[in-house]
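Engineer: Here you go, final_18.cif (mmCIF, C-alpha atoms):
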```
data_model
#
loop_
_atom_site.label_atom_id
_atom_site.label_comp_id
_atom_site.auth_asym_id
_atom_site.auth_seq_id
_atom_site.Cartn_x
_atom_site.Cartn_y
_atom_site.Cartn_z
CA MET A 1 -16.31 5.96 -32.20
CA ASN A 2 -17.04 2.62 -30.56
CA LYS A 3 -14.51 0.44 -28.75
CA THR A 4 -14.05 -2.08 -31.58
CA THR A 5 -13.21 0.67 -34.09
CA LEU A 6 -10.91 2.40 -31.61
CA ARG A 7 -9.05 -0.86 -30.82
CA LYS A 8 -8.38 -1.41 -34.49
CA LYS A 9 -7.34 2.24 -35.10
CA TYR A 10 -4.90 2.46 -32.17
CA LYS A 11 -3.35 -0.99 -32.66
CA GLU A 12 -2.58 0.16 -36.21
CA LEU A 13 -1.22 3.54 -35.06
CA ARG A 14 1.05 1.86 -32.49
CA LYS A 15 2.25 -0.65 -35.09
CA GLN A 16 3.51 2.26 -37.22
CA LEU A 17 5.80 3.59 -34.47
CA SER A 18 9.49 2.83 -34.85
CA GLU A 19 11.54 1.40 -31.97
CA GLU A 20 13.24 4.80 -31.65
CA GLN A 21 9.88 6.62 -31.45
CA LEU A 22 8.59 4.15 -28.86
CA GLU A 23 11.62 4.73 -26.62
CA GLU A 24 11.56 8.51 -27.03
CA MET A 25 7.80 8.76 -26.39
CA SER A 26 7.98 6.36 -23.42
CA LEU A 27 10.72 8.52 -21.88
CA GLY A 28 8.56 11.61 -22.49
CA ILE A 29 5.66 9.94 -20.68
CA ALA A 30 7.91 9.02 -17.72
CA ASN A 31 9.13 12.63 -17.48
CA LYS A 32 5.52 13.86 -17.41
CA VAL A 33 4.64 11.28 -14.72
CA LEU A 34 7.26 12.97 -12.49
CA GLN A 35 5.05 16.10 -12.57
CA LEU A 36 1.98 14.33 -11.14
CA PRO A 37 0.95 14.99 -7.50
CA ILE A 38 1.38 11.35 -6.49
CA TRP A 39 4.77 11.11 -4.86
CA GLU A 40 3.62 10.99 -1.24
CA CYS A 41 1.99 7.61 -2.00
CA THR A 42 3.74 4.30 -1.27
CA TYR A 43 2.30 1.41 -3.34
CA PHE A 44 2.52 1.81 -7.12
CA HIS A 45 1.13 -0.81 -9.51
CA VAL A 46 2.89 -0.82 -12.88
CA PHE A 47 2.11 -2.92 -15.94
CA LEU A 48 4.99 -4.54 -17.79
CA PRO A 49 4.60 -3.83 -21.51
CA ILE A 50 3.77 -6.31 -24.22
CA VAL A 51 6.65 -5.40 -26.56
CA GLU A 52 4.97 -7.13 -29.51
CA GLN A 53 1.97 -4.76 -29.13
CA ASN A 54 4.19 -1.63 -29.03
CA GLU A 55 2.92 -0.72 -25.56
CA VAL A 56 4.39 2.14 -23.55
CA ASN A 57 7.75 1.04 -22.16
CA THR A 58 7.30 1.43 -18.39
CA GLU A 59 10.98 0.77 -17.63
CA PHE A 60 11.62 4.52 -17.22
CA ILE A 61 8.74 4.79 -14.72
CA LEU A 62 10.06 1.74 -12.85
CA HIS A 63 13.46 3.44 -12.52
CA ALA A 64 11.84 6.65 -11.22
CA LEU A 65 9.80 4.67 -8.65
CA ALA A 66 12.84 2.70 -7.51
CA GLY A 67 14.83 5.92 -7.22
CA LYS A 68 12.13 7.34 -4.95
CA ASP A 69 12.06 4.16 -2.81
CA LYS A 70 8.46 3.30 -3.71
CA GLU A 71 6.92 -0.16 -3.34
CA ILE A 72 6.40 -1.46 -6.89
CA ILE A 73 3.67 -4.00 -7.61
CA ILE A 74 3.31 -6.05 -10.80
CA SER A 75 0.65 -8.60 -11.70
CA LYS A 76 0.08 -12.06 -13.03
CA ALA A 77 -3.12 -12.70 -15.01
CA ASP A 78 -5.40 -15.71 -14.77
CA PHE A 79 -7.18 -15.93 -18.12
CA GLU A 80 -9.73 -18.48 -16.86
CA THR A 81 -11.08 -16.26 -14.09
CA ARG A 82 -10.01 -12.97 -15.72
CA THR A 83 -8.41 -11.89 -12.47
CA MET A 84 -4.95 -10.70 -11.54
CA THR A 85 -2.72 -11.55 -8.59
CA HIS A 86 -0.36 -8.77 -7.51
CA PHE A 87 3.23 -9.21 -6.37
CA LEU A 88 5.86 -6.93 -4.88
CA LEU A 89 8.69 -6.39 -7.37
CA THR A 90 12.00 -7.20 -5.67
CA ASP A 91 15.55 -7.93 -6.81
CA ASN A 92 14.65 -11.65 -6.63
CA THR A 93 11.48 -11.45 -8.75
CA LYS A 94 11.69 -13.72 -11.77
CA ILE A 95 9.77 -12.42 -14.80
CA LYS A 96 8.51 -14.76 -17.52
CA LYS A 97 6.31 -14.07 -20.56
CA ASN A 98 2.97 -15.89 -20.62
CA GLU A 99 1.37 -17.33 -23.76
CA TYR A 100 0.09 -13.82 -24.72
CA ASN A 101 3.62 -12.34 -24.44
CA ILE A 102 2.72 -10.52 -21.22
CA PRO A 103 5.74 -10.35 -18.88
CA GLU A 104 4.65 -11.60 -15.45
CA PRO A 105 6.20 -12.45 -12.10
CA VAL A 106 6.62 -16.20 -11.59
CA ASP A 107 5.82 -15.84 -7.87
CA GLY A 108 6.73 -13.66 -4.92
CA ILE A 109 5.25 -11.65 -2.06
CA GLU A 110 1.55 -11.16 -2.73
CA VAL A 111 0.03 -7.69 -2.23
CA PRO A 112 -3.76 -7.26 -1.79
CA SER A 113 -5.52 -4.85 -4.19
CA HIS A 114 -6.75 -2.61 -1.36
CA LYS A 115 -3.16 -1.70 -0.39
CA ILE A 116 -2.38 -0.16 -3.78
CA ASP A 117 -2.37 3.66 -3.96
CA ILE A 118 -1.57 4.27 -7.64
CA VAL A 119 -2.27 2.14 -10.72
CA PHE A 120 -0.63 2.83 -14.07
CA VAL A 121 -3.21 1.50 -16.52
CA PRO A 122 -2.42 0.17 -20.00
CA LEU A 123 -4.82 1.23 -22.74
CA LEU A 124 -5.32 1.45 -26.47
CA ALA A 125 -7.44 4.62 -26.49
CA TYR A 126 -9.22 7.00 -24.09
CA ASP A 127 -11.58 9.94 -24.31
CA LYS A 128 -11.81 13.44 -22.84
CA LYS A 129 -13.93 12.14 -19.94
CA GLY A 130 -11.33 9.60 -18.79
CA ASN A 131 -12.98 6.51 -20.24
CA ARG A 132 -10.51 4.00 -21.65
CA VAL A 133 -10.42 1.19 -24.17
CA GLY A 134 -8.21 -1.79 -23.40
CA TYR A 135 -8.01 -5.13 -25.17
CA GLY A 136 -11.55 -6.00 -24.10
CA LYS A 137 -10.95 -8.77 -21.55
CA GLY A 138 -11.97 -6.66 -18.54
CA PHE A 139 -8.91 -7.46 -16.38
CA TYR A 140 -8.25 -3.89 -15.33
CA ASP A 141 -11.91 -2.94 -14.77
CA LYS A 142 -12.24 -5.93 -12.45
CA PHE A 143 -8.93 -5.18 -10.70
CA LEU A 144 -9.68 -1.45 -10.27
CA ALA A 145 -13.08 -2.27 -8.80
CA GLU A 146 -11.25 -4.29 -6.08
CA CYS A 147 -9.01 -1.36 -5.17
CA LYS A 148 -9.81 1.21 -2.49
CA PRO A 149 -12.19 3.96 -3.69
CA ASP A 150 -9.50 6.66 -3.73
CA VAL A 151 -6.94 4.68 -5.75
CA ILE A 152 -5.42 6.95 -8.40
CA LYS A 153 -5.74 5.52 -11.91
CA ILE A 154 -3.24 6.82 -14.46
CA GLY A 155 -3.48 5.85 -18.12
CA LEU A 156 -0.37 5.95 -20.29
CA SER A 157 -0.76 6.71 -23.98
CA PHE A 158 1.32 7.79 -26.95
CA PHE A 159 -1.71 9.63 -28.32
CA GLU A 160 -4.12 12.42 -27.41
CA PRO A 161 -7.73 11.61 -26.34
CA GLU A 162 -10.66 10.88 -28.58
CA GLU A 163 -13.64 13.20 -28.18
CA ILE A 164 -15.89 10.43 -26.83
CA ILE A 165 -16.07 6.64 -26.61
CA ALA A 166 -19.58 5.79 -27.73
CA ASP A 167 -20.15 2.46 -25.97
CA VAL A 168 -18.99 2.96 -22.37
CA PHE A 169 -20.41 0.43 -19.88
CA GLU A 170 -21.35 1.00 -16.27
CA ALA A 171 -18.60 -1.38 -15.11
CA ASP A 172 -15.92 0.59 -17.02
CA VAL A 173 -13.68 2.36 -14.53
CA GLN A 174 -12.66 5.92 -15.44
CA LEU A 175 -9.12 7.25 -15.19
CA ASN A 176 -8.03 10.12 -12.94
CA TYR A 177 -5.22 11.06 -15.35
CA CYS A 178 -3.83 10.08 -18.70
CA VAL A 179 -0.21 10.92 -19.46
CA THR A 180 1.11 11.34 -23.00
CA PRO A 181 4.62 12.38 -24.11
CA ASN A 182 3.46 16.01 -24.29
CA SER A 183 0.65 16.44 -21.78
CA ILE A 184 -1.16 15.39 -18.63
CA HIS A 185 -4.94 15.06 -18.91
CA SER A 186 -6.95 15.26 -15.68
CA PHE A 187 -10.48 13.88 -15.38
#
```
Have the structure of the file written as structure tokens, please.

Structural biologist:
Amino acid sequence: MNKTTLRKKYKELRKQLSEEQLEEMSLGIANKVLQLPIWECTYFHVFLPIVEQNEVNTEFILHALAGKDKEIIISKADFETRTMTHFLLTDNTKIKKNEYNIPEPVDGIEVPSHKIDIVFVPLLAYDKKGNRVGYGKGFYDKFLAECKPDVIKIGLSFFEPEEIIADVFEADVQLNYCVTPNSIHSF
């Protein structure tokens, strides 16, 4: 399937999930994340979910990271330049939703992309090769290209992979893992 079809399919599938299912599946994903070989790393970038889009609730992952004394980084998007600025999440970080309902830090201590070790990547769909489909704005592909070459990219999904995404571009950055409530896919 192509990206447009997959976006439509997975937005619809996510829309059908109840609040209870979302919480249960998000907790399942967080428990699977604990099994990944990533815990010697320090800087973890986590997306804050768009609740209105039924995205994976990363709160459970945030708690696990905080419990392991990891440095947590969250981002603020600039829709004009399609870039993101990354900030250290602290007790003083103020979070505010932007016009697209994306929770973002208002300001804080900026962290350069090349310092980040692990990136939890939002997605709508992915395939068995580690290609992903996001919302189509290219924010994460651009951001991941700025990161160090060995940054570990972890997709989070409620669903299992598609066989193949037909229209993958050269600039699309592949995942290293994708974690679902029931499994860990390595690429």

Engineer: Given the choices A:Cys178, A:Leu62, A:Leu88, A:Ile73, which gets closest to Val121 (chain A) if the distance is worked out from all atoms listed in the file?

Structural biologist: A:Cys178

Engineer: Here's the selection I'm unsure about, the PyMOL selection byres ((chain A and resi 104) around 8); applied to the file above, which residues does it give, as a PyMOL selection string?

Structural biologist: chain A and resi 48+74-77+95-98+102-103+105-106

Engineer: Please write as a PyMOL selection string the full residue list that the PyMOL selection byres ((chain A and resi 54-61) around 7) yields on this file.

Structural biologist: chain A and resi 14-15+23+26-27+30+48-53+62-65+156-157

Engineer: Ranking A:Glu99, A:Asp141, A:Asp127, A:Glu24 by minimum distance to Tyr177 (chain A) and counting all atoms listed in the file, which one comes first?

Structural biologist: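 Of the candidates, the smallest distance to Tyr177 (chain A) is held by A:Asp127.
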
Engineer: When you count only C-alpha atoms, which of these residues is closest to Asp172 (chain A): A:Leu22, A:Ala145, A:Leu123, A:Ile72?

Structural biologist: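 Between A:Leu22, A:Ala145, A:Leu123, A:Ile72, the residue approaching Asp172 (chain A) most closely is A:Ala145.
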
Engineer: Using all atoms listed in the file, which of the listed residues (A:Gln16, A:Gln35, A:Thr5, A:Gln21) sits closest to Asp167 (chain A)?

Structural biologist: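 Residue with the minimum atom-to-atom distance to Asp167 (chain A): A:Thr5.
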